[in-house]
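Since the structure comes first, as structure tokens, the remarks are kept for the end.
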Amino acid sequence: MLNPVELIKMQNEAKKIQNQLREKKIKGESKNGMVKIFMNGAQEFEDVHIAEEYLSPDMEDAIKKGFKEAFKDYQKKLQKEMVQDMDLDQLKSMFK
């Protein structure tokens, strides 16, 4: 069982990590580059860019497909970022 001091320490460390994740800016894009989403490492949506030629009503399916591809690309990049930044010693100390 964790004592209150250890619990506060873990909460502070979690907040620090979450703030670091919010500072990371990651762009995901569709395979053809027509749809781009911009999110942070905490998986919070920040912005979207859709190429002008996609903005006609008959392009709805292409836009949906583009968003799915862009989000998948974002997720892959986020996972790579998280692995690169992972400090195993820091993680181990959180669970002692």
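Each chain in the structure tokens gets a letter, A, B, ..., in the order shown, and its residues are numbered from 1; ligands are numbered from 1 in order too.
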Using only C-alpha atoms, which residues sit within 7 Å of Arg22 of chain A once same-chain residues fewer than 5 positions away are excluded, as a PDB file with N, CA and C atoms, in the first residue's frame?
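Final output, saved to part-v7.pdb:
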ATOM      1  N   ASN A  40      -1.405  16.682 -30.185  1.00  0.00           N
ATOM      2  CA  ASN A  40      -0.251  16.651 -29.294  1.00  0.00           C
ATOM      3  C   ASN A  40      -0.061  15.237 -28.755  1.00  0.00           C
ATOM      4  N   GLY A  41       1.002  15.047 -27.988  1.00  0.00           N
ATOM      5  CA  GLY A  41       1.331  13.726 -27.470  1.00  0.00           C
ATOM      6  C   GLY A  41       0.342  13.193 -26.454  1.00  0.00           C
ATOM      7  N   ALA A  42      -0.522  14.064 -25.915  1.00  0.00           N
ATOM      8  CA  ALA A  42      -1.566  13.642 -24.978  1.00  0.00           C
ATOM      9  C   ALA A  42      -2.840  13.268 -25.739  1.00  0.00           C
TER      10      ALA A  42
END
Legend entry - Residue neighbourhood segment 68-82 of chain A, 8 Å, only C-alpha atoms, exclusion window fewer than 6 positions, as JSON, numbers by chain: {"A": [26, 27, 28, 29, 30, 31, 35, 36, 37, 39, 41]}
Legend entry - Members of chain A assigned alpha helix (DSSP H) by DSSP, as a VMD selection string: chain A and resid 4 to 23 60 to 85 88 to 94
Inset, instruction - Find the residue from A:Asn32, A:Asn12, A:Gln18, A:Asn3 that sits nearest to Ala62 of chain A; use only C-alpha atoms when measuring. - result: A:Asn32
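The two atoms in question, atom CA of Leu21 of chain A and atom CA of Gln43 of chain A, are spaced 8.5 Å apart.
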Inset, instruction - From segment 21-86 of chain A, collect each residue whose DSSP state is strand (DSSP E) and return the set as a PyMOL selection string. - result: chain A and resi 25-29+35-40+45-50
May I have the residues from that selection written out with N, CA and C atoms, as a PDB file, in the first residue's frame?
ATOM      1  N   LYS A  25       4.239  17.991 -30.546  1.00  0.00           N
ATOM      2  CA  LYS A  25       3.307  18.256 -31.643  1.00  0.00           C
ATOM      3  C   LYS A  25       3.559  17.226 -32.731  1.00  0.00           C
ATOM      4  N   ILE A  26       2.516  16.505 -33.091  1.00  0.00           N
ATOM      5  CA  ILE A  26       2.655  15.418 -34.054  1.00  0.00           C
ATOM      6  C   ILE A  26       1.632  15.615 -35.163  1.00  0.00           C
ATOM      7  N   LYS A  27       2.116  15.493 -36.393  1.00  0.00           N
ATOM      8  CA  LYS A  27       1.244  15.625 -37.569  1.00  0.00           C
ATOM      9  C   LYS A  27       0.994  14.247 -38.145  1.00  0.00           C
ATOM     10  N   GLY A  28      -0.264  13.934 -38.371  1.00  0.00           N
ATOM     11  CA  GLY A  28      -0.627  12.716 -39.080  1.00  0.00           C
ATOM     12  C   GLY A  28      -1.198  13.116 -40.424  1.00  0.00           C
ATOM     13  N   GLU A  29      -0.884  12.350 -41.466  1.00  0.00           N
ATOM     14  CA  GLU A  29      -1.434  12.717 -42.764  1.00  0.00           C
ATOM     15  C   GLU A  29      -1.873  11.504 -43.550  1.00  0.00           C
ATOM     16  N   VAL A  35      -5.128  15.285 -46.510  1.00  0.00           N
ATOM     17  CA  VAL A  35      -5.711  15.534 -45.189  1.00  0.00           C
ATOM     18  C   VAL A  35      -4.598  15.423 -44.154  1.00  0.00           C
ATOM     19  N   LYS A  36      -4.478  16.451 -43.311  1.00  0.00           N
ATOM     20  CA  LYS A  36      -3.472  16.452 -42.251  1.00  0.00           C
ATOM     21  C   LYS A  36      -4.140  16.829 -40.946  1.00  0.00           C
ATOM     22  N   ILE A  37      -3.814  16.071 -39.897  1.00  0.00           N
ATOM     23  CA  ILE A  37      -4.305  16.417 -38.572  1.00  0.00           C
ATOM     24  C   ILE A  37      -3.108  16.733 -37.692  1.00  0.00           C
ATOM     25  N   PHE A  38      -3.316  17.634 -36.778  1.00  0.00           N
ATOM     26  CA  PHE A  38      -2.263  18.051 -35.863  1.00  0.00           C
ATOM     27  C   PHE A  38      -2.767  17.809 -34.450  1.00  0.00           C
ATOM     28  N   MET A  39      -2.043  16.976 -33.713  1.00  0.00           N
ATOM     29  CA  MET A  39      -2.428  16.625 -32.356  1.00  0.00           C
ATOM     30  C   MET A  39      -1.185  16.691 -31.483  1.00  0.00           C
ATOM     31  N   ASN A  40      -1.405  16.682 -30.185  1.00  0.00           N
ATOM     32  CA  ASN A  40      -0.251  16.651 -29.294  1.00  0.00           C
ATOM     33  C   ASN A  40      -0.061  15.237 -28.755  1.00  0.00           C
ATOM     34  N   PHE A  45      -6.626  16.890 -29.918  1.00  0.00           N
ATOM     35  CA  PHE A  45      -6.719  17.443 -31.260  1.00  0.00           C
ATOM     36  C   PHE A  45      -6.370  18.925 -31.229  1.00  0.00           C
ATOM     37  N   GLU A  46      -5.548  19.376 -32.169  1.00  0.00           N
ATOM     38  CA  GLU A  46      -5.170  20.776 -32.225  1.00  0.00           C
ATOM     39  C   GLU A  46      -5.617  21.469 -33.507  1.00  0.00           C
ATOM     40  N   ASP A  47      -5.459  20.818 -34.668  1.00  0.00           N
ATOM     41  CA  ASP A  47      -5.823  21.474 -35.919  1.00  0.00           C
ATOM     42  C   ASP A  47      -5.971  20.432 -37.020  1.00  0.00           C
ATOM     43  N   VAL A  48      -6.554  20.850 -38.125  1.00  0.00           N
ATOM     44  CA  VAL A  48      -6.722  19.991 -39.294  1.00  0.00           C
ATOM     45  C   VAL A  48      -6.503  20.835 -40.547  1.00  0.00           C
ATOM     46  N   HIS A  49      -5.959  20.207 -41.556  1.00  0.00           N
ATOM     47  CA  HIS A  49      -5.804  20.858 -42.860  1.00  0.00           C
ATOM     48  C   HIS A  49      -6.361  19.910 -43.910  1.00  0.00           C
ATOM     49  N   ILE A  50      -7.256  20.449 -44.735  1.00  0.00           N
ATOM     50  CA  ILE A  50      -7.822  19.675 -45.835  1.00  0.00           C
ATOM     51  C   ILE A  50      -7.505  20.430 -47.117  1.00  0.00           C
TER      52      ILE A  50
END
Legend entry - Pairwise distance for atom CA of Ala51 of chain A and atom CA of Glu23 of chain A, rounded to one decimal in Å: 26.1 Å
Legend entry - Exercise: Glu52 of chain A partners within 12 Å, only C-alpha atoms, chain neighbours under 3 positions left out, as a PyMOL selection string: chain A and resi 33-35+49+55-57+59+63
